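The file entry-v1.cif comes next; it holds mmCIF, C-alpha atoms.
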```cif
data_start
#
loop_
_atom_site.group_PDB
_atom_site.id
_atom_site.type_symbol
_atom_site.label_atom_id
_atom_site.label_comp_id
_atom_site.auth_asym_id
_atom_site.auth_seq_id
_atom_site.Cartn_x
_atom_site.Cartn_y
_atom_site.Cartn_z
ATOM 1 C CA MET A 193 96.876 167.153 -32.248
ATOM 2 C CA THR A 194 98.789 166.027 -35.325
ATOM 3 C CA GLU A 195 95.630 165.624 -37.401
ATOM 4 C CA ASP A 196 94.515 169.248 -37.056
ATOM 5 C CA VAL A 197 97.405 171.628 -36.645
ATOM 6 C CA VAL A 198 96.680 174.137 -33.888
ATOM 7 C CA GLY A 199 98.819 176.694 -32.107
ATOM 8 C CA CYS A 200 99.396 180.377 -31.507
ATOM 9 C CA ASN A 201 101.842 183.175 -32.195
ATOM 10 C CA ALA A 202 104.046 184.461 -29.384
ATOM 11 C CA ASN A 203 107.008 186.816 -29.463
ATOM 12 C CA PHE A 204 109.347 184.871 -27.199
ATOM 13 C CA ARG A 205 112.540 185.144 -29.247
ATOM 14 C CA TYR A 206 114.878 187.572 -27.482
ATOM 15 C CA HIS A 207 117.769 188.204 -29.860
ATOM 16 C CA ALA A 208 120.992 189.426 -28.244
ATOM 17 C CA ASP A 209 121.602 191.990 -31.011
ATOM 18 C CA ARG A 210 118.323 193.821 -30.383
ATOM 19 C CA ALA A 211 118.505 197.204 -28.671
ATOM 20 C CA ASP A 212 115.846 196.225 -26.107
ATOM 21 C CA PHE A 213 117.531 192.927 -25.159
ATOM 22 C CA SER A 214 117.964 192.209 -21.443
ATOM 23 C CA VAL A 215 119.233 189.174 -19.556
ATOM 24 C CA THR A 216 116.070 189.327 -17.451
ATOM 25 C CA ASP A 217 113.839 188.688 -20.482
ATOM 26 C CA SER A 218 112.150 185.314 -20.482
ATOM 27 C CA ALA A 219 108.981 183.561 -21.581
ATOM 28 C CA ARG A 220 106.945 180.799 -19.945
ATOM 29 C CA ALA A 221 104.911 177.898 -21.261
ATOM 30 C CA LYS A 222 102.385 175.909 -19.234
ATOM 31 C CA ILE A 223 100.966 172.538 -20.238
ATOM 32 C CA VAL A 224 97.924 171.345 -18.312
ATOM 33 C CA VAL A 225 96.425 167.877 -18.588
ATOM 34 C CA ASN A 226 92.901 167.753 -17.138
ATOM 35 C CA ASN A 227 90.835 164.598 -17.622
ATOM 36 C CA ASN A 228 91.051 163.901 -21.371
ATOM 37 C CA LYS A 229 92.108 167.378 -22.467
ATOM 38 C CA LEU A 230 95.565 168.872 -22.915
ATOM 39 C CA SER A 231 95.893 172.673 -22.894
ATOM 40 C CA VAL A 232 98.916 174.816 -23.731
ATOM 41 C CA PHE A 233 99.276 178.344 -22.351
ATOM 42 C CA ILE A 234 102.003 180.896 -23.185
ATOM 43 C CA ASP A 235 103.239 183.838 -21.115
ATOM 44 C CA PRO A 236 105.570 185.467 -23.678
ATOM 45 C CA ASN A 237 106.881 188.255 -21.411
ATOM 46 C CA ASN A 238 106.864 186.430 -18.061
ATOM 47 C CA SER A 239 104.286 188.940 -16.846
ATOM 48 C CA GLY A 240 101.862 186.464 -15.272
ATOM 49 C CA SER A 241 99.350 186.896 -18.092
ATOM 50 C CA TRP A 242 98.713 183.529 -19.744
ATOM 51 C CA ASN A 243 97.407 183.286 -23.329
ATOM 52 C CA ASP A 244 95.481 180.261 -24.561
ATOM 53 C CA CYS A 245 97.606 178.662 -27.246
ATOM 54 C CA ALA A 246 96.348 175.169 -28.077
ATOM 55 C CA THR A 247 93.937 172.499 -26.887
ATOM 56 C CA ALA A 248 93.983 168.813 -27.777
ATOM 57 C CA ASP A 249 91.586 165.968 -27.115
ATOM 58 C CA LEU A 250 93.281 162.937 -25.515
ATOM 59 C CA LYS A 251 90.377 160.478 -25.634
ATOM 60 C CA LYS A 252 92.119 158.336 -28.251
ATOM 61 C CA LEU A 253 95.027 157.605 -25.906
ATOM 62 C CA SER A 254 95.091 154.668 -23.522
ATOM 63 C CA PRO A 255 93.802 155.362 -19.994
ATOM 64 C CA ASP A 256 97.238 154.876 -18.411
ATOM 65 C CA TRP A 257 99.230 156.934 -20.927
ATOM 66 C CA LEU A 258 100.023 159.701 -18.427
ATOM 67 C CA SER A 259 101.644 157.347 -15.913
ATOM 68 C CA LYS A 260 103.954 156.088 -18.676
ATOM 69 C CA SER A 261 104.828 159.543 -20.049
ATOM 70 C CA HIS A 262 108.087 161.462 -19.754
ATOM 71 C CA ILE A 263 108.909 165.153 -19.972
ATOM 72 C CA GLY A 264 111.419 166.100 -22.668
ATOM 73 C CA ILE A 265 112.705 169.317 -24.222
ATOM 74 C CA THR A 266 114.157 169.497 -27.695
ATOM 75 C CA ALA A 267 114.930 172.175 -30.258
ATOM 76 C CA SER A 268 116.216 172.621 -33.781
ATOM 77 C CA THR A 269 117.574 175.547 -35.760
ATOM 78 C CA GLY A 270 117.842 176.460 -39.394
ATOM 79 C CA GLN A 271 120.904 177.733 -41.187
ATOM 80 C CA LEU A 272 121.807 180.245 -38.464
ATOM 81 C CA ALA A 273 122.589 179.246 -34.891
ATOM 82 C CA ASP A 274 120.170 180.321 -32.177
ATOM 83 C CA ASN A 275 120.608 180.124 -28.404
ATOM 84 C CA HIS A 276 117.595 179.252 -26.245
ATOM 85 C CA ASP A 277 118.152 178.674 -22.530
ATOM 86 C CA VAL A 278 115.812 176.615 -20.356
ATOM 87 C CA ILE A 279 115.823 178.630 -17.119
ATOM 88 C CA SER A 280 113.749 176.158 -15.124
ATOM 89 C CA LEU A 281 111.340 173.239 -15.463
ATOM 90 C CA GLN A 282 108.676 172.481 -12.868
ATOM 91 C CA SER A 283 106.026 169.772 -12.807
ATOM 92 C CA PHE A 284 102.975 169.431 -10.555
ATOM 93 C CA SER A 285 100.730 166.418 -10.098
ATOM 94 C CA ASP A 286 97.708 168.576 -9.307
ATOM 95 C CA GLN A 287 96.481 171.795 -10.915
ATOM 96 C CA GLU A 288 95.341 173.169 -7.559
ATOM 97 C CA VAL A 289 98.869 172.796 -6.203
ATOM 98 C CA LEU A 290 100.142 174.639 -9.261
ATOM 99 C CA GLU A 291 97.737 177.521 -8.722
ATOM 100 C CA GLN A 292 98.707 177.759 -5.051
ATOM 101 C CA HIS A 293 102.366 177.788 -6.007
ATOM 102 C CA GLU A 294 101.819 180.594 -8.527
ATOM 103 C CA GLU A 295 99.809 182.644 -6.021
ATOM 104 C CA ALA A 296 102.496 182.241 -3.382
ATOM 105 C CA LYS A 297 105.124 183.222 -5.958
ATOM 106 C CA LYS A 298 103.298 186.494 -6.614
ATOM 107 C CA LYS A 299 103.163 187.367 -2.896
ATOM 108 C CA GLU A 300 106.721 186.278 -2.215
ATOM 109 C CA LYS A 301 109.121 189.077 -1.289
ATOM 110 C CA ALA A 302 112.750 189.022 -2.235
ATOM 111 C CA PHE A 303 113.922 189.580 1.349
ATOM 112 C CA ALA A 304 111.838 190.424 4.422
ATOM 113 C CA LEU A 305 112.633 190.123 8.140
ATOM 114 C CA ASN A 306 110.218 190.300 11.016
ATOM 115 C CA GLU A 307 111.283 191.428 14.465
ATOM 116 C CA ASN A 308 109.204 188.648 15.991
ATOM 117 C CA ASP A 309 111.040 185.968 13.981
ATOM 118 C CA THR A 310 113.413 183.715 15.857
ATOM 119 C CA LEU A 311 117.098 183.681 15.108
ATOM 120 C CA ASP A 312 116.785 180.429 13.170
ATOM 121 C CA THR A 313 113.974 181.893 11.075
ATOM 122 C CA ARG A 314 115.982 184.993 10.297
ATOM 123 C CA LEU A 315 118.990 182.910 9.344
ATOM 124 C CA SER A 316 116.798 180.760 7.113
ATOM 125 C CA LYS A 317 115.422 183.838 5.336
ATOM 126 C CA MET A 318 118.912 185.266 4.901
ATOM 127 C CA GLU A 319 120.110 181.919 3.586
ATOM 128 C CA ALA A 320 117.203 181.781 1.121
ATOM 129 C CA ALA A 321 117.924 185.331 -0.051
ATOM 130 C CA LEU A 322 121.605 184.498 -0.465
ATOM 131 C CA ASN A 323 120.752 181.373 -2.443
ATOM 132 C CA ASP A 324 118.520 183.496 -4.653
ATOM 133 C CA LEU A 325 121.386 185.917 -5.279
ATOM 134 C CA LEU A 326 123.732 183.041 -6.046
ATOM 135 C CA GLY A 327 121.149 181.660 -8.479
ATOM 136 C CA LYS A 328 120.933 185.007 -10.241
ATOM 137 C CA ALA A 329 124.731 185.210 -10.370
ATOM 138 C CA GLU A 330 124.833 181.739 -11.907
ATOM 139 C CA PHE A 331 122.212 182.800 -14.438
ATOM 140 C CA LEU A 332 124.235 185.894 -15.371
ATOM 141 C CA ASP A 333 127.363 183.766 -15.697
ATOM 142 C CA HIS A 334 125.452 181.400 -17.967
ATOM 143 C CA HIS A 335 124.200 184.326 -20.036
ATOM 144 C CA VAL A 336 127.725 185.765 -20.401
ATOM 145 C CA GLU A 337 128.953 182.357 -21.517
ATOM 146 C CA HIS A 338 126.347 182.214 -24.277
ATOM 147 C CA ALA A 339 127.023 185.843 -25.225
ATOM 148 C CA LEU A 340 130.727 185.058 -25.637
ATOM 149 C CA ALA A 341 129.837 181.975 -27.663
ATOM 150 C CA SER A 342 127.642 184.146 -29.884
ATOM 151 C CA ILE A 343 130.514 186.618 -30.328
ATOM 152 C CA ASP A 344 132.831 183.744 -31.280
ATOM 153 C CA ASP A 345 130.257 182.591 -33.847
ATOM 154 C CA HIS A 346 130.041 186.106 -35.315
ATOM 155 C CA ILE A 347 133.835 186.409 -35.493
ATOM 156 C CA ALA A 348 134.193 182.975 -37.091
ATOM 157 C CA ASN A 349 131.466 183.859 -39.588
ATOM 158 C CA MET A 350 133.164 187.166 -40.460
ATOM 159 C CA ILE A 351 136.542 185.455 -40.853
ATOM 160 C CA GLY A 352 134.957 182.869 -43.129
ATOM 161 C CA LYS A 353 133.382 185.585 -45.281
ATOM 162 C CA ILE A 354 136.700 187.481 -45.461
ATOM 163 C CA GLU A 355 138.551 184.313 -46.461
ATOM 164 C CA LYS A 356 135.967 183.620 -49.162
ATOM 165 C CA ARG A 357 136.364 187.167 -50.445
ATOM 166 C CA GLU A 358 140.145 186.751 -50.437
ATOM 167 C CA ASP A 359 139.789 183.535 -52.423
ATOM 168 C CA LYS A 360 137.502 185.302 -54.888
ATOM 169 C CA SER A 361 139.923 188.251 -55.089
ATOM 170 C CA GLU A 362 142.853 185.918 -55.753
ATOM 171 C CA SER A 363 140.822 184.155 -58.409
ATOM 172 C CA ARG A 364 139.864 187.483 -60.023
ATOM 173 C CA ILE A 365 143.494 188.662 -59.896
ATOM 174 C CA GLY A 366 144.561 185.414 -61.546
ATOM 175 C CA ASP A 367 141.938 185.896 -64.253
ATOM 176 C CA LEU A 368 143.078 189.496 -64.802
ATOM 177 C CA GLU A 369 146.694 188.373 -65.042
ATOM 178 C CA SER A 370 145.716 185.766 -67.628
ATOM 179 C CA ILE A 371 143.747 188.332 -69.641
ATOM 180 C CA ILE A 372 146.600 190.855 -69.481
ATOM 181 C CA LYS A 373 149.129 188.205 -70.455
ATOM 182 C CA LYS A 374 147.019 187.127 -73.407
ATOM 183 C CA GLU A 375 146.534 190.743 -74.436
ATOM 184 C CA ILE A 376 150.263 191.470 -74.178
ATOM 185 C CA ASP A 377 151.172 188.280 -76.025
ATOM 186 C CA GLY A 378 148.624 189.075 -78.731
ATOM 187 C CA THR A 379 149.815 192.682 -79.014
ATOM 188 C CA LEU A 380 153.471 191.659 -79.288
ATOM 189 C CA GLU A 381 152.613 189.019 -81.860
ATOM 190 C CA ARG A 382 150.666 191.527 -83.932
ATOM 191 C CA ARG A 383 153.476 194.081 -83.710
ATOM 192 C CA LEU A 384 156.048 191.475 -84.734
ATOM 193 C CA ASP A 385 153.858 190.454 -87.664
ATOM 194 C CA ARG A 386 153.570 194.094 -88.749
ATOM 195 C CA LEU A 387 157.344 194.599 -88.447
ATOM 196 C CA GLU A 388 157.965 191.397 -90.369
ATOM 197 C CA ASN A 389 155.580 192.464 -93.119
ATOM 198 C CA GLN A 390 157.167 195.910 -93.238
ATOM 199 C CA LEU A 391 160.667 194.422 -93.474
ATOM 200 C CA ASN A 392 159.588 191.995 -96.159
ATOM 201 C CA GLY A 393 157.973 194.820 -98.101
ATOM 202 C CA ASN A 394 161.078 197.025 -97.816
ATOM 203 C CA VAL A 395 163.393 194.172 -98.814
ATOM 204 C CA ASN A 396 161.176 193.253 -101.753
ATOM 205 C CA ARG A 397 161.069 196.872 -102.925
ATOM 206 C CA LYS A 398 164.838 197.239 -102.593
ATOM 207 C CA VAL A 399 165.456 193.938 -104.419
ATOM 208 C CA LYS A 400 163.107 194.972 -107.205
ATOM 209 C CA GLY A 401 164.771 198.368 -107.407
ATOM 210 C CA MET A 402 168.240 196.790 -107.568
ATOM 211 C CA GLU A 403 166.992 194.294 -110.152
ATOM 212 C CA THR A 404 165.572 197.107 -112.291
ATOM 213 C CA GLU A 405 168.769 199.117 -111.999
ATOM 214 C CA LEU A 406 170.934 196.097 -112.932
ATOM 215 C CA ASN A 407 168.736 195.388 -115.939
ATOM 216 C CA LYS A 408 169.099 198.989 -117.077
ATOM 217 C CA GLN A 409 172.884 198.828 -116.684
ATOM 218 C CA ILE A 410 173.040 195.508 -118.542
ATOM 219 C CA GLU A 411 170.935 196.850 -121.409
ATOM 220 C CA ALA A 412 173.081 199.969 -121.609
ATOM 221 C CA GLN A 413 176.261 197.871 -121.687
ATOM 222 C CA LEU A 414 174.797 195.693 -124.438
ATOM 223 C CA GLU A 415 173.999 198.758 -126.532
ATOM 224 C CA VAL A 416 177.567 200.012 -126.145
ATOM 225 C CA THR A 417 178.918 196.605 -127.094
ATOM 226 C CA LYS A 418 176.716 196.424 -130.209
ATOM 227 C CA SER A 419 177.721 199.872 -131.416
ATOM 228 C CA THR A 420 181.422 199.109 -130.922
ATOM 229 C CA ALA A 421 181.116 195.817 -132.789
ATOM 230 C CA GLY A 422 179.397 197.512 -135.782
ATOM 231 C CA SER A 423 182.202 200.003 -136.266
ATOM 232 C CA TRP A 424 184.626 197.225 -137.069
#
```
Encoding of this model in structure tokens:
Amino acid sequence: MTEDVVGCNANFRYHADRADFSVTDSARAKIVVNNNKLSVFIDPNNSGSWNDCATADLKKLSPDWLSKSHIGITASTGQLADNHDVISLQSFSDQEVLEQHEEAKKKEKAFALNENDTLDTRLSKMEAALNDLLGKAEFLDHHVEHALASIDDHIANMIGKIEKREDKSESRIGDLESIIKKEIDGTLERRLDRLENQLNGNVNRKVKGMETELNKQIEAQLEVTKSTAGSW
């Protein structure tokens, strides 16, 4: 079966978030070993209609492989969690017994009393019906437990996403603060440079103006001194 990959497609994944989800939804798989052939059948909607899924030749196995075999159920998920419940597991040593069991299951009534039944028979039927109700109640309790677990997963996932967004927001706020601080520091530095240049320019102009005025006054005083000296 590993040399040539075989199989089938079946819609047996009942997601709790779907609008048509119901706790009564289930799917069935049947594995039949007859002589040297293994056959897999799928009833995706638990309707009693079996679809051929896969067939494998077992001639390469040792004659006593079936007596040494065990039944096991395993599963794996990807990135997202998925809940799959095994409602029941039944095994039959003979296919005829299996077919009789399935036929009796179809004809079985949930609860039926006959006036000709003895008291013990009636009590047995009532006890069986009560056990069936208790089984359904246990199933519903199990379903609610998984539904609550799924809700917890959704809440934890949402909280994780919100925390990540908060971390990103804090990081973005920190980046904005750094940019604003740099911009303010750069703006203040440029304004101070402009003020310093303006002050230096004003001081230089005033110094030059005072220097020019002093030179004029000195030259005028020298002219007066020369003219006074010549009159002697």
For this session: Could you check how far atom CA of Leu290 of chain A sits from atom CA of Ile223 of chain A, in Å to one decimal?
Result: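 Computing it gives 11.2 Å between the two atoms.
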Problem set entry | Selection under test: the PyMOL selection byres ((chain A and resi 226-232) around 10); residues as an NGL selection string | :A and (193 or 199-200 or 221-225 or 233-234 or 242-253 or 255 or 286-287)
For this session: May I have the residues within 12 Å of Ser280 of chain A as a list in words, using all atoms listed in the file and disregarding those fewer than 5 positions away in the same chain?
Result: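 Within the cut-off, the hits are Ser218, Ala219, Arg220, Ala221, Ile265, Gly327 and Phe331 of chain A.
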For this session: Give me, please, the distance in Å between atom CA of Gln413 of chain A and atom CA of Val399 of chain A, quoted to one decimal.
Result: 20.7 Å
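From atom CA of Ser361 of chain A back to atom CA of Asp377 of chain A, the distance works out to 23.8 Å.
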For this session: Can you pull out every residue within 12 Å of Leu332 of chain A, counting all atoms listed in the file, but drop anything in the same chain fewer than 3 positions away, and send it as a VMD selection string?
Result: chain A and resid 214 to 217 277 279 325 to 329 335 to 339
